[in-house]
file start-v9.cif (mmCIF, C-alpha atoms)
data_work
#
loop_
_atom_site.group_PDB
_atom_site.id
_atom_site.type_symbol
_atom_site.label_atom_id
_atom_site.label_comp_id
_atom_site.auth_asym_id
_atom_site.auth_seq_id
_atom_site.Cartn_x
_atom_site.Cartn_y
_atom_site.Cartn_z
ATOM 1 C CA MET A 1 0.000 0.000 0.000
ATOM 2 C CA SER A 2 1.281 3.500 -0.788
ATOM 3 C CA VAL A 3 2.353 5.773 2.053
ATOM 4 C CA GLN A 4 -0.468 8.119 1.082
ATOM 5 C CA SER A 5 -3.120 5.385 1.429
ATOM 6 C CA THR A 6 -1.598 4.260 4.730
ATOM 7 C CA LEU A 7 -1.852 7.773 6.128
ATOM 8 C CA GLU A 8 -5.426 8.133 4.937
ATOM 9 C CA GLN A 9 -6.461 4.783 6.340
ATOM 10 C CA LYS A 10 -4.809 5.189 9.748
ATOM 11 C CA ILE A 11 -6.179 8.683 10.303
ATOM 12 C CA THR A 12 -9.656 7.757 9.113
ATOM 13 C CA GLU A 13 -9.860 4.718 11.373
ATOM 14 C CA ALA A 14 -8.518 6.485 14.455
ATOM 15 C CA LEU A 15 -10.164 9.898 14.243
ATOM 16 C CA HIS A 16 -13.190 9.562 11.968
ATOM 17 C CA PRO A 17 -12.443 13.015 10.549
ATOM 18 C CA MET A 18 -15.133 15.269 9.177
ATOM 19 C CA HIS A 19 -12.576 16.323 6.592
ATOM 20 C CA LEU A 20 -9.240 14.741 5.672
ATOM 21 C CA ASP A 21 -6.817 15.893 3.022
ATOM 22 C CA VAL A 22 -3.492 14.111 2.498
ATOM 23 C CA VAL A 23 -1.331 15.838 -0.110
ATOM 24 C CA ASN A 24 1.917 14.350 -1.356
ATOM 25 C CA GLU A 25 4.177 17.377 -1.777
ATOM 26 C CA SER A 26 7.318 15.360 -2.505
ATOM 27 C CA HIS A 27 7.547 16.643 -6.071
ATOM 28 C CA THR A 28 8.401 20.118 -4.748
ATOM 29 C CA HIS A 29 11.487 18.738 -2.989
ATOM 30 C CA ASN A 30 14.905 17.406 -3.843
ATOM 31 C CA VAL A 31 13.833 13.753 -4.112
ATOM 32 C CA PRO A 32 13.356 11.288 -7.003
ATOM 33 C CA ALA A 33 10.131 11.443 -9.042
ATOM 34 C CA GLY A 34 7.333 9.362 -7.545
ATOM 35 C CA SER A 35 8.689 9.724 -3.995
ATOM 36 C CA GLU A 36 6.432 9.665 -0.976
ATOM 37 C CA SER A 37 8.555 11.633 1.461
ATOM 38 C CA HIS A 38 6.860 14.994 2.035
ATOM 39 C CA PHE A 39 3.201 15.222 3.008
ATOM 40 C CA LYS A 40 0.762 17.863 4.097
ATOM 41 C CA VAL A 41 -2.116 16.555 6.135
ATOM 42 C CA THR A 42 -5.223 18.495 7.048
ATOM 43 C CA VAL A 43 -7.470 16.825 9.600
ATOM 44 C CA VAL A 44 -10.753 18.229 10.827
ATOM 45 C CA ALA A 45 -12.040 16.154 13.713
ATOM 46 C CA GLN A 46 -14.269 16.515 16.739
ATOM 47 C CA GLU A 47 -11.604 14.615 18.693
ATOM 48 C CA PHE A 48 -9.452 17.793 18.739
ATOM 49 C CA GLU A 49 -12.025 19.792 20.688
ATOM 50 C CA GLY A 50 -10.516 21.189 23.888
ATOM 51 C CA LYS A 51 -7.000 20.026 22.994
ATOM 52 C CA MET A 52 -3.970 22.275 22.517
ATOM 53 C CA LEU A 53 -2.177 22.136 19.171
ATOM 54 C CA VAL A 54 0.728 20.227 20.731
ATOM 55 C CA ALA A 55 -1.659 17.558 21.968
ATOM 56 C CA ARG A 56 -3.363 17.298 18.571
ATOM 57 C CA HIS A 57 -0.045 16.908 16.791
ATOM 58 C CA ARG A 58 1.044 14.315 19.333
ATOM 59 C CA ILE A 59 -2.010 12.208 18.500
ATOM 60 C CA LEU A 60 -1.020 12.200 14.829
ATOM 61 C CA ASN A 61 2.702 11.772 15.488
ATOM 62 C CA GLU A 62 1.954 8.682 17.553
ATOM 63 C CA LEU A 63 -0.537 7.336 15.061
ATOM 64 C CA LEU A 64 1.993 7.727 12.251
ATOM 65 C CA ALA A 65 5.133 6.856 14.257
ATOM 66 C CA ASN A 66 6.133 4.016 11.924
ATOM 67 C CA GLU A 67 5.801 6.169 8.838
ATOM 68 C CA LEU A 68 7.696 9.048 10.482
ATOM 69 C CA ALA A 69 10.506 6.688 11.431
ATOM 70 C CA GLY A 70 10.638 5.357 7.891
ATOM 71 C CA ALA A 71 9.337 6.741 4.629
ATOM 72 C CA ILE A 72 8.293 10.225 5.683
ATOM 73 C CA HIS A 73 10.885 12.981 5.759
ATOM 74 C CA ALA A 74 8.558 15.916 6.341
ATOM 75 C CA LEU A 75 5.015 16.061 7.631
ATOM 76 C CA SER A 76 3.062 19.275 7.754
ATOM 77 C CA LEU A 77 0.036 19.055 10.023
ATOM 78 C CA HIS A 78 -3.027 21.251 10.119
ATOM 79 C CA THR A 79 -5.430 20.143 12.821
ATOM 80 C CA MET A 80 -8.795 21.737 13.393
ATOM 81 C CA THR A 81 -12.088 21.114 15.076
ATOM 82 C CA PRO A 82 -15.137 21.356 12.806
ATOM 83 C CA ALA A 83 -15.904 24.793 14.308
ATOM 84 C CA GLU A 84 -12.378 26.086 13.618
ATOM 85 C CA TRP A 85 -12.510 24.722 10.087
ATOM 86 C CA GLU A 86 -15.732 26.542 9.414
ATOM 87 C CA GLU A 87 -14.337 29.754 10.906
ATOM 88 C CA LYS A 88 -11.319 29.569 8.600
ATOM 89 C CA GLY A 89 -13.515 28.982 5.588
ATOM 90 C CA GLY A 90 -11.625 25.788 4.866
ATOM 91 C CA ILE A 91 -8.305 27.439 4.008
ATOM 92 C CA VAL A 92 -4.949 25.777 4.743
ATOM 93 C CA PRO A 93 -1.551 27.561 4.539
ATOM 94 C CA THR A 94 0.878 26.542 1.777
ATOM 95 C CA SER A 95 3.963 24.549 2.817
ATOM 96 C CA PRO A 96 7.404 26.142 2.521
ATOM 97 C CA PRO A 97 9.729 25.496 -0.412
ATOM 98 C CA CYS A 98 12.586 23.056 0.153
ATOM 99 C CA ARG A 99 16.047 24.464 0.836
ATOM 100 C CA GLY A 100 17.883 21.271 0.071
ATOM 101 C CA GLY A 101 19.963 21.254 3.246
ATOM 102 C CA SER A 102 19.524 17.716 4.396
ATOM 103 C CA LYS A 103 18.100 14.542 3.055
ATOM 104 C CA ALA A 104 18.430 12.940 6.470
ATOM 105 C CA ARG A 105 15.288 11.767 8.175
ATOM 106 C CA THR A 106 13.471 14.031 10.535
ATOM 107 C CA SER A 107 13.211 11.424 13.239
ATOM 108 C CA MET B 22 27.452 15.484 30.047
ATOM 109 C CA ASP B 23 24.767 13.126 28.799
ATOM 110 C CA VAL B 24 23.113 14.502 25.656
ATOM 111 C CA LEU B 25 19.614 14.578 27.168
ATOM 112 C CA GLU B 26 20.989 16.521 30.134
ATOM 113 C CA ARG B 27 22.705 18.876 27.713
ATOM 114 C CA ILE B 28 19.379 19.517 25.935
ATOM 115 C CA LYS B 29 17.601 19.987 29.265
ATOM 116 C CA GLU B 30 20.228 22.528 30.296
ATOM 117 C CA GLN B 31 19.798 24.385 26.987
ATOM 118 C CA VAL B 32 16.004 24.615 27.106
ATOM 119 C CA GLU B 33 16.048 25.643 30.759
ATOM 120 C CA SER B 34 18.736 28.290 30.474
ATOM 121 C CA ASN B 35 17.276 29.994 27.382
ATOM 122 C CA PRO B 36 13.776 31.504 27.611
ATOM 123 C CA VAL B 37 13.320 30.936 23.870
ATOM 124 C CA ILE B 38 15.276 28.360 21.891
ATOM 125 C CA VAL B 39 14.763 26.721 18.515
ATOM 126 C CA TYR B 40 16.373 23.508 17.308
ATOM 127 C CA MET B 41 16.594 23.892 13.575
ATOM 128 C CA LYS B 42 18.312 22.761 10.395
ATOM 129 C CA GLY B 43 20.797 25.494 9.580
ATOM 130 C CA THR B 44 20.830 28.897 11.244
ATOM 131 C CA PRO B 45 18.306 31.768 11.246
ATOM 132 C CA GLN B 46 20.612 33.541 8.768
ATOM 133 C CA MET B 47 21.230 30.426 6.637
ATOM 134 C CA PRO B 48 18.340 28.020 7.181
ATOM 135 C CA GLN B 49 18.670 24.694 5.386
ATOM 136 C CA CYS B 50 15.078 23.566 5.528
ATOM 137 C CA GLY B 51 11.915 25.420 4.559
ATOM 138 C CA PHE B 52 10.185 24.555 7.828
ATOM 139 C CA SER B 53 13.145 25.716 9.938
ATOM 140 C CA SER B 54 13.350 28.874 7.851
ATOM 141 C CA ARG B 55 9.743 29.838 8.468
ATOM 142 C CA THR B 56 9.938 29.030 12.151
ATOM 143 C CA ALA B 57 13.063 31.136 12.700
ATOM 144 C CA ALA B 58 11.524 33.995 10.699
ATOM 145 C CA ALA B 59 8.423 33.974 12.932
ATOM 146 C CA LEU B 60 10.595 34.055 16.049
ATOM 147 C CA GLN B 61 12.655 36.909 14.629
ATOM 148 C CA GLN B 62 9.489 38.874 13.990
ATOM 149 C CA CYS B 63 8.632 38.614 17.675
ATOM 150 C CA GLY B 64 11.370 41.199 18.175
ATOM 151 C CA GLU B 65 13.247 39.480 21.008
ATOM 152 C CA GLU B 66 16.529 37.618 21.052
ATOM 153 C CA PHE B 67 16.323 33.859 20.956
ATOM 154 C CA ALA B 68 18.797 31.006 21.058
ATOM 155 C CA TYR B 69 19.166 28.418 18.346
ATOM 156 C CA VAL B 70 20.914 25.104 17.841
ATOM 157 C CA ASN B 71 21.808 23.989 14.333
ATOM 158 C CA VAL B 72 21.025 20.279 14.573
ATOM 159 C CA LEU B 73 22.891 19.571 11.333
ATOM 160 C CA MET B 74 26.093 20.609 13.124
ATOM 161 C CA ASP B 75 25.431 18.534 16.226
ATOM 162 C CA PRO B 76 24.748 14.893 15.277
ATOM 163 C CA GLU B 77 24.244 13.873 18.890
ATOM 164 C CA ILE B 78 21.432 16.370 19.399
ATOM 165 C CA PHE B 79 20.019 15.588 15.938
ATOM 166 C CA GLN B 80 19.695 11.948 16.945
ATOM 167 C CA ASN B 81 18.465 12.395 20.483
ATOM 168 C CA LEU B 82 16.246 15.470 20.453
ATOM 169 C CA PRO B 83 13.209 13.524 19.164
ATOM 170 C CA GLN B 84 13.158 11.394 22.326
ATOM 171 C CA PHE B 85 13.771 14.354 24.640
ATOM 172 C CA ALA B 86 10.189 15.617 24.381
ATOM 173 C CA ASN B 87 8.839 12.664 22.403
ATOM 174 C CA TRP B 88 8.497 14.795 19.278
ATOM 175 C CA PRO B 89 9.696 13.180 16.051
ATOM 176 C CA THR B 90 10.402 16.134 13.770
ATOM 177 C CA PHE B 91 12.449 19.324 13.373
ATOM 178 C CA PRO B 92 12.320 22.215 13.986
ATOM 179 C CA GLN B 93 11.327 22.300 17.675
ATOM 180 C CA VAL B 94 10.629 25.484 19.626
ATOM 181 C CA TYR B 95 10.893 25.636 23.411
ATOM 182 C CA ILE B 96 9.701 28.550 25.534
ATOM 183 C CA ASN B 97 10.471 28.524 29.265
ATOM 184 C CA GLY B 98 11.663 24.942 28.936
ATOM 185 C CA GLU B 99 8.367 23.738 27.425
ATOM 186 C CA LEU B 100 7.959 22.360 23.927
ATOM 187 C CA ILE B 101 5.706 24.739 21.988
ATOM 188 C CA GLY B 102 5.723 22.647 18.835
ATOM 189 C CA GLY B 103 7.170 22.538 15.350
ATOM 190 C CA CYS B 104 6.773 24.792 12.337
ATOM 191 C CA ASP B 105 3.010 24.470 11.846
ATOM 192 C CA ILE B 106 2.167 25.185 15.484
ATOM 193 C CA THR B 107 4.668 28.053 15.790
ATOM 194 C CA LEU B 108 3.252 29.730 12.678
ATOM 195 C CA GLU B 109 -0.335 29.222 13.706
ATOM 196 C CA MET B 110 0.399 30.789 17.093
ATOM 197 C CA PHE B 111 2.258 33.638 15.406
ATOM 198 C CA GLU B 112 -0.702 34.361 13.158
ATOM 199 C CA LYS B 113 -2.983 34.543 16.189
ATOM 200 C CA GLY B 114 -0.525 36.827 18.020
ATOM 201 C CA GLU B 115 -0.017 34.220 20.754
ATOM 202 C CA LEU B 116 3.627 33.526 19.964
ATOM 203 C CA GLN B 117 4.644 37.181 20.221
ATOM 204 C CA LYS B 118 2.994 37.414 23.630
ATOM 205 C CA MET B 119 4.617 34.218 24.924
ATOM 206 C CA VAL B 120 8.071 35.182 23.660
ATOM 207 C CA LYS B 121 7.904 38.683 25.137
ATOM 208 C CA GLU B 122 6.687 37.396 28.485
ATOM 209 C CA ALA B 123 9.349 34.691 28.634
ATOM 210 C CA VAL B 124 12.145 37.113 27.817
ATOM 211 C CA ALA B 125 10.838 39.770 30.245
ATOM 212 C CA THR B 126 10.535 37.277 33.115
ATOM 213 C CA ASN B 127 14.023 36.005 32.427
ATOM 214 C CA LYS B 128 15.508 39.503 32.514
ATOM 215 C CA GLY B 129 13.809 40.184 35.813
ATOM 216 C CA THR B 130 15.420 37.288 37.628
#
call {"tool": "encode", "arguments": {"input": "start-v9.cif", "output": "structure tokens"}}
result
Amino acid sequence: MSVQSTLEQKITEALHPMHLDVVNESHTHNVPAGSESHFKVTVVAQEFEGKMLVARHRILNELLANELAGAIHALSLHTMTPAEWEEKGGIVPTSPPCRGGSKARTS
Amino acid sequence: MDVLERIKEQVESNPVIVYMKGTPQMPQCGFSSRTAAALQQCGEEFAYVNVLMDPEIFQNLPQFANWPTFPQVYINGELIGGCDITLEMFEKGELQKMVKEAVATNKGT
């Protein structure tokens, strides 16, 4: 199974998100074509209600620990409750361009 | 000194510190670059560690606060988060407030 499908499946099963968007941004980085190394994940879930951002990210970091220790080099996370998502009008910031400094893993 | 003790000493002796790839002047990762830029815009001095120049910290920082990725921002010894969280807090004005308070408290002691 592709890394992208794994992310989608794990997050869906664990958090039952109202909205989930997994974008493979690897093509904008210094990696071979077809890579699955850089992802941007937007999760809108009721589960995040009352939790600080650090706690929300920890949930996802733990859920995706295997992927972070292996295939994934960079993971951008945008975590919102349904109310926050609505307030933002469903807009997510763009990820930064690569600066090519290190191909080493992030974890 | 044990590396985890070294990290503990760093985060406790600097009110604001970022562990990043490269330096604020020469960042070597887009996420580190944005994070350092947000901290700079808070208008206070902050410490940084270039993890690419310190392999021991690069390897062990993830287990220090159980956080798998870089960059990592600590204020008053507490992990604030990585790039996404730092930027989100900056956009809300929360980061500026936290940084200023941390630096002011530190000067007063």
call {"tool": "closest_residue", "arguments": {"input": "start-v9.cif", "among": "B:Val32, B:Asp105, B:Glu122, B:Asn81", "to": "Lys40 (chain A)", "atoms": "only C-alpha atoms"}}
result
B:Asp105
call {"tool": "atom_distance", "arguments": {"input": "start-v9.cif", "atom1": "CA of Met41 (chain B)", "atom2": "CA of Leu60 (chain B)"}}
result
12.1 Å
call {"tool": "resolve_selection", "arguments": {"input": "start-v9.cif", "expression": "the PyMOL selection byres ((chain B) within 10 of (chain A))", "output": "JSON list (two decimals) with C-alpha atoms, in the coordinates of the input"}}
result
[["chain", "number", "residue", "atom", "x", "y", "z"],
["B", 42, "LYS", "CA", 18.31, 22.76, 10.40],
["B", 43, "GLY", "CA", 20.80, 25.49, 9.58],
["B", 47, "MET", "CA", 21.23, 30.43, 6.64],
["B", 48, "PRO", "CA", 18.34, 28.02, 7.18],
["B", 49, "GLN", "CA", 18.67, 24.69, 5.39],
["B", 50, "CYS", "CA", 15.08, 23.57, 5.53],
["B", 51, "GLY", "CA", 11.92, 25.42, 4.56],
["B", 52, "PHE", "CA", 10.18, 24.56, 7.83],
["B", 53, "SER", "CA", 13.14, 25.72, 9.94],
["B", 54, "SER", "CA", 13.35, 28.87, 7.85],
["B", 55, "ARG", "CA", 9.74, 29.84, 8.47],
["B", 73, "LEU", "CA", 22.89, 19.57, 11.33],
["B", 79, "PHE", "CA", 20.02, 15.59, 15.94],
["B", 80, "GLN", "CA", 19.70, 11.95, 16.94],
["B", 81, "ASN", "CA", 18.46, 12.40, 20.48],
["B", 82, "LEU", "CA", 16.25, 15.47, 20.45],
["B", 83, "PRO", "CA", 13.21, 13.52, 19.16],
["B", 84, "GLN", "CA", 13.16, 11.39, 22.33],
["B", 87, "ASN", "CA", 8.84, 12.66, 22.40],
["B", 88, "TRP", "CA", 8.50, 14.80, 19.28],
["B", 89, "PRO", "CA", 9.70, 13.18, 16.05],
["B", 90, "THR", "CA", 10.40, 16.13, 13.77],
["B", 91, "PHE", "CA", 12.45, 19.32, 13.37],
["B", 92, "PRO", "CA", 12.32, 22.22, 13.99],
["B", 100, "LEU", "CA", 7.96, 22.36, 23.93],
["B", 101, "ILE", "CA", 5.71, 24.74, 21.99],
["B", 102, "GLY", "CA", 5.72, 22.65, 18.84],
["B", 103, "GLY", "CA", 7.17, 22.54, 15.35],
["B", 104, "CYS", "CA", 6.77, 24.79, 12.34],
["B", 105, "ASP", "CA", 3.01, 24.47, 11.85],
["B", 106, "ILE", "CA", 2.17, 25.18, 15.48],
["B", 107, "THR", "CA", 4.67, 28.05, 15.79],
["B", 108, "LEU", "CA", 3.25, 29.73, 12.68],
["B", 109, "GLU", "CA", -0.34, 29.22, 13.71],
["B", 110, "MET", "CA", 0.40, 30.79, 17.09]]
call {"tool": "resolve_selection", "arguments": {"input": "start-v9.cif", "expression": "the PyMOL selection byres ((chain B and resi 95-99) around 10)", "output": "PyMOL selection string"}}
result
chain B and resi 28-40+67-68+86+93-94+100-103+116+119-120+122-124+126-127
call {"tool": "closest_residue", "arguments": {"input": "start-v9.cif", "among": "A:Met1, A:Val23, A:Ala83, A:Ala14", "to": "Leu60 (chain A)", "atoms": "only C-alpha atoms"}}
result
A:Ala14
call {"tool": "residues_around", "arguments": {"input": "start-v9.cif", "residues": "Leu15 (chain A)", "least_positions_apart": "3", "cutoff": "7 Å", "atoms": "all atoms listed in the file", "output": "MDAnalysis selection string"}}
result
chainID A and resid 11:12 45 47
call {"tool": "residues_around", "arguments": {"input": "start-v9.cif", "residues": "Met18 (chain A)", "least_positions_apart": "5", "cutoff": "8 Å", "atoms": "all atoms listed in the file", "output": "PyMOL selection string"}}
result
chain A and resi 43-46+82
call {"tool": "build_atoms", "arguments": {"input": "start-v9.cif", "residues": "region 42-53 of chain A", "atoms": "all heavy atoms", "output": "compact mmCIF listing (two decimals), in the coordinates of the input"}}
result
# COMPACT_ATOMS: atom_id res chain seq x y z
N THR A 42 -4.23 17.65 6.39
CA THR A 42 -5.22 18.50 7.05
C THR A 42 -6.29 17.58 7.64
O THR A 42 -6.89 16.78 6.92
CB THR A 42 -5.87 19.46 6.04
OG1 THR A 42 -4.83 20.20 5.40
CG2 THR A 42 -6.83 20.42 6.73
N VAL A 43 -6.48 17.68 8.94
CA VAL A 43 -7.47 16.82 9.60
C VAL A 43 -8.45 17.71 10.36
O VAL A 43 -8.04 18.54 11.17
CB VAL A 43 -6.81 15.87 10.62
CG1 VAL A 43 -7.83 14.85 11.11
CG2 VAL A 43 -5.60 15.17 10.04
N VAL A 44 -9.71 17.53 10.08
CA VAL A 44 -10.75 18.23 10.83
C VAL A 44 -11.53 17.17 11.60
O VAL A 44 -12.18 16.31 10.99
CB VAL A 44 -11.70 19.00 9.88
CG1 VAL A 44 -12.76 19.75 10.68
CG2 VAL A 44 -10.91 19.96 9.00
N ALA A 45 -11.41 17.20 12.92
CA ALA A 45 -12.04 16.15 13.71
C ALA A 45 -12.56 16.68 15.05
O ALA A 45 -11.93 17.54 15.68
CB ALA A 45 -11.04 15.02 13.97
N GLN A 46 -13.66 16.16 15.46
CA GLN A 46 -14.27 16.52 16.74
C GLN A 46 -13.34 16.18 17.90
O GLN A 46 -13.28 16.87 18.91
CB GLN A 46 -15.60 15.75 16.88
CG GLN A 46 -16.53 16.30 17.94
CD GLN A 46 -16.86 17.77 17.73
OE1 GLN A 46 -17.21 18.18 16.63
NE2 GLN A 46 -16.74 18.58 18.77
N GLU A 47 -12.59 15.10 17.72
CA GLU A 47 -11.60 14.62 18.69
C GLU A 47 -10.66 15.72 19.20
O GLU A 47 -10.16 15.68 20.32
CB GLU A 47 -10.79 13.51 17.99
CG GLU A 47 -9.57 13.02 18.71
CD GLU A 47 -9.85 11.85 19.63
OE1 GLU A 47 -10.93 11.26 19.50
OE2 GLU A 47 -8.98 11.55 20.46
N PHE A 48 -10.41 16.74 18.38
CA PHE A 48 -9.45 17.79 18.74
C PHE A 48 -10.04 18.85 19.68
O PHE A 48 -9.32 19.68 20.21
CB PHE A 48 -8.92 18.50 17.47
CG PHE A 48 -8.13 17.60 16.57
CD1 PHE A 48 -8.22 17.73 15.18
CD2 PHE A 48 -7.28 16.64 17.09
CE1 PHE A 48 -7.49 16.91 14.34
CE2 PHE A 48 -6.54 15.81 16.26
CZ PHE A 48 -6.65 15.94 14.88
N GLU A 49 -11.35 18.80 19.84
CA GLU A 49 -12.02 19.79 20.69
C GLU A 49 -11.40 19.82 22.08
O GLU A 49 -11.19 18.78 22.70
CB GLU A 49 -13.52 19.41 20.79
CG GLU A 49 -14.39 20.46 21.44
CD GLU A 49 -14.56 21.70 20.54
OE1 GLU A 49 -14.94 21.52 19.38
OE2 GLU A 49 -14.32 22.81 21.05
N GLY A 50 -11.06 21.04 22.54
CA GLY A 50 -10.52 21.19 23.89
C GLY A 50 -9.07 20.78 24.04
O GLY A 50 -8.53 20.76 25.14
N LYS A 51 -8.41 20.42 22.92
CA LYS A 51 -7.00 20.03 22.99
C LYS A 51 -6.11 21.10 22.39
O LYS A 51 -6.42 21.67 21.35
CB LYS A 51 -6.78 18.71 22.24
CG LYS A 51 -7.41 17.51 22.91
CD LYS A 51 -6.88 16.21 22.30
CE LYS A 51 -7.38 14.99 23.04
NZ LYS A 51 -8.78 14.65 22.74
N MET A 52 -4.96 21.35 23.05
CA MET A 52 -3.97 22.28 22.52
C MET A 52 -3.39 21.70 21.22
O MET A 52 -3.44 20.49 21.00
CB MET A 52 -2.81 22.43 23.51
CG MET A 52 -3.21 22.87 24.89
SD MET A 52 -3.07 24.65 25.09
CE MET A 52 -1.30 24.88 24.94
N LEU A 53 -2.78 22.59 20.43
CA LEU A 53 -2.18 22.14 19.17
C LEU A 53 -1.12 21.05 19.40
O LEU A 53 -1.05 20.07 18.66
CB LEU A 53 -1.54 23.32 18.43
CG LEU A 53 -2.52 24.29 17.78
CD1 LEU A 53 -1.78 25.51 17.24
CD2 LEU A 53 -3.29 23.62 16.65
